[in-house]
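Asker: Got a structure for you, start-v3.pdb, holding PDB, C-alpha atoms and all ligand atoms.
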```pdb
ATOM      1  CA  MET A 864     101.978  90.491  66.754
ATOM      2  CA  THR A 865     103.502  93.737  68.018
ATOM      3  CA  ASP A 866     102.688  94.378  71.696
ATOM      4  CA  LEU A 867     101.295  97.819  72.510
ATOM      5  CA  TYR A 868     102.425 100.081  75.366
ATOM      6  CA  ALA A 869     101.900 103.782  76.086
ATOM      7  CA  VAL A 870     102.319 106.581  78.583
ATOM      8  CA  VAL A 871      99.122 108.334  79.733
ATOM      9  CA  GLY A 872      99.220 111.895  81.038
ATOM     10  CA  HIS A 873      97.865 115.419  80.602
ATOM     11  CA  PRO A 874      99.753 117.028  78.998
ATOM     12  CA  VAL A 875     101.904 114.267  77.589
ATOM     13  CA  GLY A 876     103.383 115.698  74.394
ATOM     14  CA  HIS A 877     106.650 116.578  76.145
ATOM     15  CA  SER A 878     107.164 113.025  77.479
ATOM     16  CA  LYS A 879     110.505 111.387  76.724
ATOM     17  CA  SER A 880     109.097 107.923  77.516
ATOM     18  CA  PRO A 881     108.277 106.912  73.890
ATOM     19  CA  LYS A 882     111.902 107.624  72.849
ATOM     20  CA  ILE A 883     113.301 105.786  75.870
ATOM     21  CA  HIS A 884     111.171 102.666  75.434
ATOM     22  CA  ALA A 885     111.750 102.577  71.668
ATOM     23  CA  GLN A 886     115.498 102.398  72.340
ATOM     24  CA  PHE A 887     115.050  99.755  75.045
ATOM     25  CA  ALA A 888     112.945  97.669  72.617
ATOM     26  CA  VAL A 889     115.608  97.767  69.916
ATOM     27  CA  ALA A 890     118.422  97.017  72.371
ATOM     28  CA  THR A 891     116.609  93.980  73.809
ATOM     29  CA  ALA A 892     114.987  92.817  70.516
ATOM     30  CA  GLN A 893     111.399  93.140  71.788
ATOM     31  CA  ASP A 894     108.542  93.392  69.281
ATOM     32  CA  MET A 895     106.658  96.299  70.812
ATOM     33  CA  GLU A 896     105.343  99.772  70.096
ATOM     34  CA  TYR A 897     105.146 102.556  72.703
ATOM     35  CA  THR A 898     103.081 105.708  72.160
ATOM     36  CA  ALA A 899     101.832 108.691  74.200
ATOM     37  CA  ILE A 900      98.136 109.101  75.016
ATOM     38  CA  GLN A 901      96.695 112.349  76.361
ATOM     39  CA  ALA A 902      93.683 111.471  78.517
ATOM     40  CA  PRO A 903      91.090 114.168  79.254
ATOM     41  CA  LEU A 904      91.502 115.422  82.837
ATOM     42  CA  ASP A 905      88.175 113.790  83.737
ATOM     43  CA  GLY A 906      88.698 110.762  81.502
ATOM     44  CA  PHE A 907      91.604 108.749  82.889
ATOM     45  CA  VAL A 908      89.643 105.594  83.782
ATOM     46  CA  PRO A 909      87.874 105.146  80.404
ATOM     47  CA  THR A 910      91.179 105.817  78.614
ATOM     48  CA  VAL A 911      92.930 103.057  80.568
ATOM     49  CA  THR A 912      90.055 100.609  80.182
ATOM     50  CA  ALA A 913      89.807 101.200  76.430
ATOM     51  CA  PHE A 914      93.565 100.724  75.992
ATOM     52  CA  PHE A 915      93.629  97.348  77.737
ATOM     53  CA  ASP A 916      90.347  96.211  76.163
ATOM     54  CA  ARG A 917      91.844  96.639  72.717
ATOM     55  CA  GLY A 918      94.775  94.400  73.683
ATOM     56  CA  GLY A 919      97.286  96.920  75.107
ATOM     57  CA  LYS A 920      99.906  95.238  77.303
ATOM     58  CA  GLY A 921     101.073  97.989  79.625
ATOM     59  CA  LEU A 922     100.852 101.666  80.508
ATOM     60  CA  ASN A 923     103.018 104.183  82.226
ATOM     61  CA  VAL A 924     101.123 106.885  84.078
ATOM     62  CA  THR A 925     102.356 110.435  84.548
ATOM     63  CA  VAL A 926     101.110 113.745  85.943
ATOM     64  CA  PRO A 927      98.348 114.231  87.068
ATOM     65  CA  PHE A 928      96.991 110.677  87.102
ATOM     66  CA  LYS A 929      99.340 108.647  89.352
ATOM     67  CA  GLN A 930      97.058 108.726  92.406
ATOM     68  CA  GLU A 931      94.020 107.896  90.272
ATOM     69  CA  ALA A 932      95.926 104.945  88.809
ATOM     70  CA  TRP A 933      96.659 103.747  92.355
ATOM     71  CA  LYS A 934      92.942 103.771  93.196
ATOM     72  CA  LEU A 935      92.034 101.935  90.001
ATOM     73  CA  CYS A 936      94.393  98.984  90.557
ATOM     74  CA  GLN A 937      93.020  95.702  91.881
ATOM     75  CA  ILE A 938      96.514  94.527  92.782
ATOM     76  CA  ARG A 939      99.464  96.690  93.858
ATOM     77  CA  THR A 940     103.080  95.899  94.643
ATOM     78  CA  ALA A 941     104.239  96.635  98.205
ATOM     79  CA  GLY A 942     106.186  99.637  96.904
ATOM     80  CA  ALA A 943     103.148 101.064  95.140
ATOM     81  CA  GLU A 944     101.018 100.494  98.228
ATOM     82  CA  THR A 945     103.220 102.773 100.377
ATOM     83  CA  ALA A 946     103.877 105.264  97.597
ATOM     84  CA  GLY A 947     100.149 105.978  97.245
ATOM     85  CA  ALA A 948     100.756 106.405  93.523
ATOM     86  CA  VAL A 949     101.211 104.097  90.536
ATOM     87  CA  ASN A 950     103.255 104.799  87.396
ATOM     88  CA  THR A 951     103.222 101.337  85.778
ATOM     89  CA  LEU A 952     100.103  99.313  84.878
ATOM     90  CA  TRP A 953      99.502  95.898  83.341
ATOM     91  CA  ARG A 954      96.849  93.169  83.432
ATOM     92  CA  ASP A 955      97.624  89.781  84.947
ATOM     93  CA  ALA A 956      96.527  86.403  83.519
ATOM     94  CA  GLU A 957      93.130  86.747  85.246
ATOM     95  CA  GLY A 958      92.607  90.174  83.684
ATOM     96  CA  ARG A 959      93.095  92.087  86.938
ATOM     97  CA  LEU A 960      94.658  95.540  86.701
ATOM     98  CA  CYS A 961      98.029  95.543  88.505
ATOM     99  CA  GLY A 962     100.160  98.532  89.478
ATOM    100  CA  ASP A 963     103.696  99.285  90.535
ATOM    101  CA  ASN A 964     105.580 102.476  91.318
ATOM    102  CA  THR A 965     109.069 102.404  89.817
ATOM    103  CA  ASP A 966     109.972 106.061  90.541
ATOM    104  CA  GLY A 967     111.652 105.435  93.906
ATOM    105  CA  CYS A 968     113.552 102.437  92.659
ATOM    106  CA  GLY A 969     114.656 104.473  89.632
ATOM    107  CA  LEU A 970     115.959 107.270  91.844
ATOM    108  CA  ILE A 971     117.931 104.887  94.050
ATOM    109  CA  ARG A 972     119.408 103.030  91.065
ATOM    110  CA  ASP A 973     120.509 106.330  89.532
ATOM    111  CA  ILE A 974     122.105 107.546  92.756
ATOM    112  CA  THR A 975     123.777 104.288  93.802
ATOM    113  CA  CYS A 976     124.545 102.518  90.485
ATOM    114  CA  ASN A 977     125.005 105.295  87.912
ATOM    115  CA  HIS A 978     126.599 107.816  90.272
ATOM    116  CA  GLN A 979     128.155 105.357  92.740
ATOM    117  CA  VAL A 980     126.908 107.263  95.796
ATOM    118  CA  VAL A 981     126.759 105.044  98.903
ATOM    119  CA  LEU A 982     123.739 105.820 101.086
ATOM    120  CA  VAL A 983     124.417 103.341 103.899
ATOM    121  CA  GLY A 984     124.921 105.213 107.177
ATOM    122  CA  LYS A 985     124.636 108.629 105.500
ATOM    123  CA  ARG A 986     122.763 111.703 106.717
ATOM    124  CA  VAL A 987     120.136 112.362 104.027
ATOM    125  CA  LEU A 988     117.869 115.399 103.664
ATOM    126  CA  VAL A 989     114.723 115.197 101.534
ATOM    127  CA  LEU A 990     113.074 118.488 100.556
ATOM    128  CA  GLY A 991     109.318 118.422  99.959
ATOM    129  CA  ALA A 992     106.471 116.206 101.134
ATOM    130  CA  GLY A 993     104.226 115.817  98.089
ATOM    131  CA  GLY A 994     103.492 112.789  95.918
ATOM    132  CA  ALA A 995     107.006 112.697  94.438
ATOM    133  CA  VAL A 996     108.647 112.416  97.866
ATOM    134  CA  ARG A 997     106.134 109.896  99.187
ATOM    135  CA  GLY A 998     107.113 107.606  96.296
ATOM    136  CA  ILE A 999     110.818 107.562  97.130
ATOM    137  CA  LEU A1000     110.832 107.099 100.921
ATOM    138  CA  GLN A1001     110.551 103.317 101.124
ATOM    139  CA  PRO A1002     113.343 102.553  98.603
ATOM    140  CA  LEU A1003     115.485 105.256 100.237
ATOM    141  CA  LEU A1004     115.050 103.776 103.735
ATOM    142  CA  ALA A1005     115.866 100.315 102.312
ATOM    143  CA  GLU A1006     119.387 101.613 101.573
ATOM    144  CA  LEU A1007     119.925 101.903 105.356
ATOM    145  CA  PRO A1008     120.903 105.563 105.608
ATOM    146  CA  GLY A1009     121.945 106.702 109.094
ATOM    147  CA  GLU A1010     119.243 109.369 109.187
ATOM    148  CA  VAL A1011     116.571 110.737 106.839
ATOM    149  CA  VAL A1012     115.182 114.207 107.525
ATOM    150  CA  ILE A1013     112.156 115.445 105.549
ATOM    151  CA  ALA A1014     111.853 119.237 105.401
ATOM    152  CA  ASN A1015     108.763 120.865 103.968
ATOM    153  CA  ARG A1016     107.205 124.336 103.677
ATOM    154  CA  THR A1017     104.068 122.902 105.296
ATOM    155  CA  PRO A1018     105.618 120.854 108.143
ATOM    156  CA  GLY A1019     102.404 118.898 108.872
ATOM    157  CA  LYS A1020     102.686 117.201 105.465
ATOM    158  CA  ALA A1021     106.202 116.014 106.297
ATOM    159  CA  GLU A1022     104.882 114.647 109.619
ATOM    160  CA  THR A1023     102.191 112.725 107.734
ATOM    161  CA  LEU A1024     104.876 111.033 105.619
ATOM    162  CA  VAL A1025     106.905 110.099 108.704
ATOM    163  CA  ASP A1026     103.743 108.537 110.171
ATOM    164  CA  LEU A1027     103.635 106.132 107.199
ATOM    165  CA  PHE A1028     106.688 104.397 108.692
ATOM    166  CA  PRO A1029     105.833 103.620 112.316
ATOM    167  CA  GLY A1030     108.793 102.352 114.312
ATOM    168  CA  VAL A1031     111.382 103.778 111.895
ATOM    169  CA  THR A1032     113.433 105.802 114.348
ATOM    170  CA  ASN A1033     115.905 107.372 111.912
ATOM    171  CA  LEU A1034     113.190 109.258 109.965
ATOM    172  CA  ARG A1035     111.942 112.669 111.134
ATOM    173  CA  ALA A1036     110.185 115.774 109.867
ATOM    174  CA  VAL A1037     111.254 119.414 110.253
ATOM    175  CA  ALA A1038     110.321 122.860 108.977
ATOM    176  CA  PHE A1039     112.869 124.644 106.761
ATOM    177  CA  ASP A1040     113.792 127.027 109.578
ATOM    178  CA  GLN A1041     114.679 124.075 111.837
ATOM    179  CA  LEU A1042     117.311 122.741 109.438
ATOM    180  CA  ALA A1043     120.748 122.572 111.013
ATOM    181  CA  GLY A1044     124.074 120.884 110.394
ATOM    182  CA  ALA A1045     125.600 119.346 107.289
ATOM    183  CA  PHE A1046     124.074 116.550 105.176
ATOM    184  CA  ASP A1047     125.860 113.964 103.037
ATOM    185  CA  VAL A1048     123.055 113.834 100.471
ATOM    186  CA  VAL A1049     120.286 116.385  99.789
ATOM    187  CA  ILE A1050     117.419 115.340  97.497
ATOM    188  CA  ASN A1051     115.107 118.055  96.168
ATOM    189  CA  GLY A1052     111.628 116.650  95.682
ATOM    190  CA  THR A1053     109.768 119.975  95.806
ATOM    191  CA  SER A1054     108.133 121.362  92.715
ATOM    192  CA  ALA A1055     109.670 124.780  93.500
ATOM    193  CA  SER A1056     112.174 124.449  90.620
ATOM    194  CA  LEU A1057     109.297 124.334  88.134
ATOM    195  CA  ALA A1058     108.528 127.943  89.049
ATOM    196  CA  GLY A1059     112.214 128.853  89.273
ATOM    197  CA  ASP A1060     111.869 129.062  93.064
ATOM    198  CA  LEU A1061     114.191 127.885  95.800
ATOM    199  CA  PRO A1062     113.044 126.799  99.271
ATOM    200  CA  PRO A1063     114.606 128.936 102.059
ATOM    201  CA  LEU A1064     117.598 126.726 102.923
ATOM    202  CA  PRO A1065     120.572 127.517 105.173
ATOM    203  CA  SER A1066     123.903 127.125 103.346
ATOM    204  CA  GLU A1067     125.317 125.120 106.272
ATOM    205  CA  ILE A1068     123.465 121.995 105.034
ATOM    206  CA  ILE A1069     125.923 121.856 102.098
ATOM    207  CA  THR A1070     129.637 121.101 102.477
ATOM    208  CA  SER A1071     132.361 120.091 100.026
ATOM    209  CA  GLN A1072     131.336 116.462 100.726
ATOM    210  CA  THR A1073     127.638 116.921  99.962
ATOM    211  CA  VAL A1074     126.002 115.344  96.919
ATOM    212  CA  THR A1075     122.762 117.022  95.819
ATOM    213  CA  TYR A1076     120.087 115.452  93.632
ATOM    214  CA  ASP A1077     117.271 117.426  92.020
ATOM    215  CA  MET A1078     114.445 115.132  90.948
ATOM    216  CA  MET A1079     113.728 117.704  88.224
ATOM    217  CA  TYR A1080     115.834 118.054  85.096
ATOM    218  CA  GLY A1081     116.108 120.455  82.208
ATOM    219  CA  SER A1082     118.571 121.643  79.597
ATOM    220  CA  ASP A1083     119.938 124.126  82.156
ATOM    221  CA  VAL A1084     121.152 123.474  85.683
ATOM    222  CA  THR A1085     118.133 123.615  88.034
ATOM    223  CA  VAL A1086     117.758 126.553  90.435
ATOM    224  CA  PHE A1087     118.333 124.203  93.377
ATOM    225  CA  ASN A1088     121.504 122.672  91.934
ATOM    226  CA  ALA A1089     122.830 126.119  90.973
ATOM    227  CA  TRP A1090     122.367 127.196  94.596
ATOM    228  CA  ALA A1091     124.068 124.016  95.876
ATOM    229  CA  GLN A1092     126.996 124.608  93.506
ATOM    230  CA  SER A1093     127.361 128.139  94.835
ATOM    231  CA  CYS A1094     127.514 126.667  98.363
ATOM    232  CA  GLY A1095     130.412 124.418  97.304
ATOM    233  CA  ALA A1096     128.650 121.041  96.963
ATOM    234  CA  ASN A1097     130.759 118.084  95.864
ATOM    235  CA  ARG A1098     128.445 116.958  93.039
ATOM    236  CA  CYS A1099     125.050 118.205  91.831
ATOM    237  CA  LEU A1100     122.963 115.633  89.972
ATOM    238  CA  ASP A1101     119.674 116.044  88.101
ATOM    239  CA  GLY A1102     116.702 113.717  87.628
ATOM    240  CA  LEU A1103     117.268 112.615  84.017
ATOM    241  CA  GLY A1104     118.862 109.372  85.223
ATOM    242  CA  MET A1105     115.880 108.740  87.504
ATOM    243  CA  LEU A1106     113.571 109.107  84.494
ATOM    244  CA  VAL A1107     115.542 106.548  82.476
ATOM    245  CA  GLU A1108     115.911 104.122  85.407
ATOM    246  CA  GLN A1109     112.198 104.193  86.321
ATOM    247  CA  ALA A1110     111.482 103.425  82.666
ATOM    248  CA  ALA A1111     113.921 100.486  82.728
ATOM    249  CA  GLU A1112     112.197  99.106  85.852
ATOM    250  CA  ALA A1113     108.792  99.338  84.147
ATOM    251  CA  PHE A1114     110.181  97.714  80.980
ATOM    252  CA  ALA A1115     111.633  94.850  83.036
ATOM    253  CA  ARG A1116     108.316  94.278  84.776
ATOM    254  CA  TRP A1117     106.451  94.097  81.448
ATOM    255  CA  ARG A1118     108.985  92.226  79.318
ATOM    256  CA  GLY A1119     111.031  90.196  81.818
ATOM    257  CA  VAL A1120     114.293  91.672  80.549
ATOM    258  CA  ARG A1121     116.096  94.666  82.044
ATOM    259  CA  PRO A1122     117.585  96.982  79.404
ATOM    260  CA  GLU A1123     120.962  98.696  79.775
ATOM    261  CA  THR A1124     120.434 102.392  80.468
ATOM    262  CA  GLN A1125     123.770 104.075  79.735
ATOM    263  CA  ASP A1126     123.324 104.522  75.965
ATOM    264  CA  VAL A1127     119.804 105.917  76.363
ATOM    265  CA  LEU A1128     120.971 108.323  79.048
ATOM    266  CA  ALA A1129     123.837 109.523  76.842
ATOM    267  CA  PHE A1130     121.413 109.957  73.914
ATOM    268  CA  LEU A1131     118.999 112.069  75.991
ATOM    269  CA  ARG A1132     121.853 114.186  77.387
ATOM    270  CA  ALA A1133     123.038 114.853  73.844
ATOM    271  CA  LEU A1134     119.529 115.989  72.853
ATOM    272  CA  GLY A1135     119.692 118.574  75.663
TER     273      GLY A1135
HETATM  274  P1  LIG A1201     104.499 116.375  93.502
HETATM  275  O1  LIG A1201     103.519 115.294  93.136
HETATM  276  O2  LIG A1201     105.392 116.812  92.383
HETATM  277  O3  LIG A1201     105.271 116.032  94.728
HETATM  278  P2  LIG A1201     102.834 118.082  95.086
HETATM  279  O4  LIG A1201     102.196 116.903  95.721
HETATM  280  O5  LIG A1201     101.988 119.246  94.672
HETATM  281  O6  LIG A1201     103.602 117.673  93.774
HETATM  282  O7  LIG A1201     104.005 118.585  96.081
HETATM  283  C1  LIG A1201     104.806 119.683  95.789
HETATM  284  C2  LIG A1201     105.841 119.839  96.882
HETATM  285  O8  LIG A1201     106.694 120.940  96.567
HETATM  286  C3  LIG A1201     105.268 120.128  98.250
HETATM  287  O9  LIG A1201     106.114 119.574  99.223
HETATM  288  C4  LIG A1201     105.300 121.649  98.280
HETATM  289  O10 LIG A1201     105.308 122.210  99.589
HETATM  290  P3  LIG A1201     103.917 122.361 100.410
HETATM  291  O11 LIG A1201     103.582 120.980 100.915
HETATM  292  O12 LIG A1201     104.240 123.303 101.501
HETATM  293  O13 LIG A1201     102.904 122.892  99.428
HETATM  294  C5  LIG A1201     106.619 121.900  97.610
HETATM  295  N1  LIG A1201     106.754 123.250  97.039
HETATM  296  C6  LIG A1201     106.138 123.724  95.930
HETATM  297  N2  LIG A1201     106.521 124.996  95.669
HETATM  298  C7  LIG A1201     107.404 125.344  96.661
HETATM  299  C8  LIG A1201     108.166 126.502  96.944
HETATM  300  N3  LIG A1201     108.086 127.593  96.171
HETATM  301  N4  LIG A1201     108.979 126.484  98.028
HETATM  302  C9  LIG A1201     109.060 125.402  98.822
HETATM  303  N5  LIG A1201     108.361 124.251  98.591
HETATM  304  C10 LIG A1201     107.548 124.218  97.527
END
```
Kindly return the structure encoded in the file as C-alpha cells.
Ligand code: ATR

Answerer:
Amino acid sequence: MTDLYAVVGHPVGHSKSPKIHAQFAVATAQDMEYTAIQAPLDGFVPTVTAFFDRGGKGLNVTVPFKQEAWKLCQIRTAGAETAGAVNTLWRDAEGRLCGDNTDGCGLIRDITCNHQVVLVGKRVLVLGAGGAVRGILQPLLAELPGEVVIANRTPGKAETLVDLFPGVTNLRAVAFDQLAGAFDVVINGTSASLAGDLPPLPSEIITSQTVTYDMMYGSDVTVFNAWAQSCGANRCLDGLGMLVEQAAEAFARWRGVRPETQDVLAFLRALG
C-alpha cells in the first residue's frame, strides 16, 4: 500500500515540498505519496490527528505551526528540543507522536557539503533571533566555529538565545550598532528580506573572503545578498539548498534512506 506523507502549513500552496519529495521517492524507489494540507490557523492539532488516524506516515510542518508542532509532540529529538520548533512528525511503534527539526541540519549540510565552506575555527555572524535562527544554533555550534555572534534589532532576543547555551563561551549577542570587524561567514536569518528590507549593517563585516548565506530564496537575488555583493563578498548563497537538504533529512528519518539532493536542487533552480 502507498504510504502517505504531507506538508501542513497556512498558506501552503506555494510549498515546493511535494515536488521535492516526489523526486526523492522516485530516485529511491519508495512507494509513497506526498501532498500539501492547509490547516485552518486555529485547527493545526485536529488536522495532524486526523492525518495520522487515517494511516498517514509522516508530516512536515511549515509556517506558522512549527512551535505548535513542538508542543504537540510526546517525544522530541535533542535537536528539536533546543530548537523549540518541529518541522518533521511521525508516530513511533507505540503510537506516540515524535518530532524532529531538520532545518538546522539542512542549513549546515548545504553550507559545508554542497558549497564546501569550512566552518571550523571561523568567525560567524548570525543576523536575527527569531524561530528560524533558534533552529540553526545547535548544528552551527557543532561545527566548532571560532566565534558565533548573534546580532538582532531587539538585542534582548539575541541574549535569550545565547542563554540557551550556558557555558558556550564563543557565542555572544550584540545589537546591530555594536557590530565591528570582518566575518568569515554571515548568515541572514531575519525575515527582513520578505519585506525587501535590509538590517542596518556596517560594510566592514564583509570582505573579499566573506561568504554570505541568506536563509531566504527567490527567483531574484535577495536584498541582503545584493548588498553583500555590492560590499565585495566572496560568495553569496541563498536558502534553496537548505530547503532541499532539510527535506532530505526528513525523508531519511521516515524512510531510512537518504536521497541524493543534487538533481532536485538543479531541477528547482531551473524552475526559477
Ligand atoms: P522567523 O520564525 O522567520 O525567525 P520571527 O520569529 O518573527 O520569524 O523572527 C523574525 C526575525 O527577523 C527577528 O529577529 C526580527 O527582529 P526582531 O526580533 O527585532 O523583531 C527580524 N526582523 C524582521 N524584520 C526586520 C527588519 N526590517 N530589520 C531587521 N530585523 C528584522

Asker: Considering all atoms listed in the file, tabulate each residue of chain A that lies at most 9 Å from ligand LIG 1201 (chain A) along with its nearest interatomic pair and the corresponding distance in Å to one decimal; arrange the rows by chain and ascending residue number and present them as a Markdown table.

Answerer:
```
| residue | atom | partner | partner_atom | distance |
| --- | --- | --- | --- | --- |
| A:Val926 | CA | A:LIG1201 | O1 | 7.7 |
| A:Pro927 | CA | A:LIG1201 | O1 | 8.0 |
| A:Lys929 | CA | A:LIG1201 | O1 | 8.7 |
| A:Leu990 | CA | A:LIG1201 | O9 | 7.2 |
| A:Gly991 | CA | A:LIG1201 | O9 | 3.5 |
| A:Ala992 | CA | A:LIG1201 | O9 | 3.9 |
| A:Gly993 | CA | A:LIG1201 | O4 | 3.3 |
| A:Gly994 | CA | A:LIG1201 | O1 | 3.7 |
| A:Ala995 | CA | A:LIG1201 | O3 | 3.8 |
| A:Val996 | CA | A:LIG1201 | O3 | 5.9 |
| A:Arg997 | CA | A:LIG1201 | O3 | 7.6 |
| A:Gly998 | CA | A:LIG1201 | O3 | 8.8 |
| A:Ala1014 | CA | A:LIG1201 | O9 | 8.4 |
| A:Asn1015 | CA | A:LIG1201 | O9 | 5.6 |
| A:Arg1016 | CA | A:LIG1201 | O12 | 3.8 |
| A:Thr1017 | CA | A:LIG1201 | O12 | 3.8 |
| A:Pro1018 | CA | A:LIG1201 | O12 | 7.2 |
| A:Gly1019 | CA | A:LIG1201 | O11 | 8.3 |
| A:Lys1020 | CA | A:LIG1201 | O11 | 6.0 |
| A:Ala1021 | CA | A:LIG1201 | O11 | 7.8 |
| A:Phe1039 | CA | A:LIG1201 | C9 | 8.8 |
| A:Asn1051 | CA | A:LIG1201 | O8 | 8.9 |
| A:Gly1052 | CA | A:LIG1201 | O3 | 6.5 |
| A:Thr1053 | CA | A:LIG1201 | O8 | 3.3 |
| A:Ser1054 | CA | A:LIG1201 | O8 | 4.1 |
| A:Ala1055 | CA | A:LIG1201 | N2 | 3.8 |
| A:Ser1056 | CA | A:LIG1201 | N3 | 7.6 |
| A:Leu1057 | CA | A:LIG1201 | N2 | 8.1 |
| A:Ala1058 | CA | A:LIG1201 | N3 | 7.1 |
| A:Gly1059 | CA | A:LIG1201 | N3 | 8.1 |
| A:Asp1060 | CA | A:LIG1201 | N3 | 5.1 |
| A:Leu1061 | CA | A:LIG1201 | N4 | 5.8 |
| A:Pro1062 | CA | A:LIG1201 | C9 | 4.2 |
| A:Pro1063 | CA | A:LIG1201 | C9 | 7.3 |
```

Asker: Could you list, as a list in words, every residue matched by the PyMOL selection byres (((chain A and resi 891) around 10) and not hetatm) in this structure?

Answerer: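 Against this file, the PyMOL selection byres (((chain A and resi 891) around 10) and not hetatm) returns the residues Gln886, Phe887, Ala888, Val889, Ala890, Ala892, Gln893, Asp894, Arg1118, Val1120, Arg1121, Pro1122 and Glu1123 of chain A.
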
Asker: How close does each residue of stretch 926-956 of chain A get to stretch 1091-1113 of chain A, giving the shortest atom pair and distance in Å to one decimal for every residue with an atom at most 10 Å away, counting only C-alpha atoms, sorted by chain and residue number, as a tab-separated table?

Answerer:
```
residue	atom	partner	partner_atom	distance
A:Asn950	CA	A:Ala1113	CA	8.4
A:Thr951	CA	A:Ala1113	CA	6.1
A:Leu952	CA	A:Ala1113	CA	8.7
A:Trp953	CA	A:Ala1113	CA	9.9
```

Asker: Go ahead and write the residues just picked, C-alpha atoms, as a compact mmCIF listing (two decimals), keeping the file's coordinate frame.

Answerer:
```txt
# COMPACT_ATOMS: atom_id res chain seq x y z
CA ASN A 950 103.26 104.80 87.40
CA THR A 951 103.22 101.34 85.78
CA LEU A 952 100.10 99.31 84.88
CA TRP A 953 99.50 95.90 83.34
```

Asker: Would you mind telling me which residue in A:Pro1065, A:Lys985, A:Phe1028, A:Gly958 lies nearest to A:Phe1046 when using all atoms listed in the file?

Answerer: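 That would be A:Lys985, the residue with the smallest distance to A:Phe1046.
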
Asker: When you draw a straight line from atom CA of A:Val911 to atom CA of A:Asn964, how long is it in Å?

Answerer: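 If I compute the distance from atom CA of A:Val911 to atom CA of A:Asn964, I get 16.6 Å.
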
Asker: Can you spell out as an mmCIF file with C-alpha atoms, in the frame of the given file the set of residues that the PyMOL selection byres (((chain A and resi 983) around 9) and not hetatm) selects in the structure I just provided?

Answerer:
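Listing of expr02.cif after writing:
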```
data_model
loop_
_atom_site.group_PDB
_atom_site.id
_atom_site.type_symbol
_atom_site.label_atom_id
_atom_site.label_comp_id
_atom_site.auth_asym_id
_atom_site.auth_seq_id
_atom_site.Cartn_x
_atom_site.Cartn_y
_atom_site.Cartn_z
ATOM 1 C CA VAL A 981 126.759 105.044 98.903
ATOM 2 C CA LEU A 982 123.739 105.820 101.086
ATOM 3 C CA GLY A 984 124.921 105.213 107.177
ATOM 4 C CA LYS A 985 124.636 108.629 105.500
ATOM 5 C CA ARG A 986 122.763 111.703 106.717
ATOM 6 C CA GLU A 1006 119.387 101.613 101.573
ATOM 7 C CA LEU A 1007 119.925 101.903 105.356
ATOM 8 C CA PRO A 1008 120.903 105.563 105.608
ATOM 9 C CA GLY A 1009 121.945 106.702 109.094
#
```

Asker: Counting only C-alpha atoms, figure out which residue out of A:Arg917, A:His873, A:Arg1116, A:Arg939 gets nearest to A:Arg959.

Answerer: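 Of A:Arg917, A:His873, A:Arg1116, A:Arg939, the one nearest A:Arg959 is A:Arg939, counting only C-alpha atoms.
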
Asker: Which of these residues is nearest to A:Thr925, using all atoms listed in the file: A:Gln979, A:Asn1033, A:Ser880, A:Thr1124?

Answerer: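 The closest residue to A:Thr925 is A:Ser880.
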
Asker: Taking the file as shown, find all residues satisfying the PyMOL selection byres (((chain A and resi 919) around 10) and not hetatm) and write them as a PyMOL selection string.

Answerer: chain A and resi 865-869+896-897+911-918+920-922+953-954

Asker: Save the residues we just selected, C-alpha atoms, as a PDB file, keeping the file's coordinate frame?

Answerer:
```pdb
ATOM      1  CA  THR A 865     103.502  93.737  68.018  1.00  0.00           C
ATOM      2  CA  ASP A 866     102.688  94.378  71.696  1.00  0.00           C
ATOM      3  CA  LEU A 867     101.295  97.819  72.510  1.00  0.00           C
ATOM      4  CA  TYR A 868     102.425 100.081  75.366  1.00  0.00           C
ATOM      5  CA  ALA A 869     101.900 103.782  76.086  1.00  0.00           C
ATOM      6  CA  GLU A 896     105.343  99.772  70.096  1.00  0.00           C
ATOM      7  CA  TYR A 897     105.146 102.556  72.703  1.00  0.00           C
ATOM      8  CA  VAL A 911      92.930 103.057  80.568  1.00  0.00           C
ATOM      9  CA  THR A 912      90.055 100.609  80.182  1.00  0.00           C
ATOM     10  CA  ALA A 913      89.807 101.200  76.430  1.00  0.00           C
ATOM     11  CA  PHE A 914      93.565 100.724  75.992  1.00  0.00           C
ATOM     12  CA  PHE A 915      93.629  97.348  77.737  1.00  0.00           C
ATOM     13  CA  ASP A 916      90.347  96.211  76.163  1.00  0.00           C
ATOM     14  CA  ARG A 917      91.844  96.639  72.717  1.00  0.00           C
ATOM     15  CA  GLY A 918      94.775  94.400  73.683  1.00  0.00           C
ATOM     16  CA  LYS A 920      99.906  95.238  77.303  1.00  0.00           C
ATOM     17  CA  GLY A 921     101.073  97.989  79.625  1.00  0.00           C
ATOM     18  CA  LEU A 922     100.852 101.666  80.508  1.00  0.00           C
ATOM     19  CA  TRP A 953      99.502  95.898  83.341  1.00  0.00           C
ATOM     20  CA  ARG A 954      96.849  93.169  83.432  1.00  0.00           C
TER      21      ARG A 954
END
```
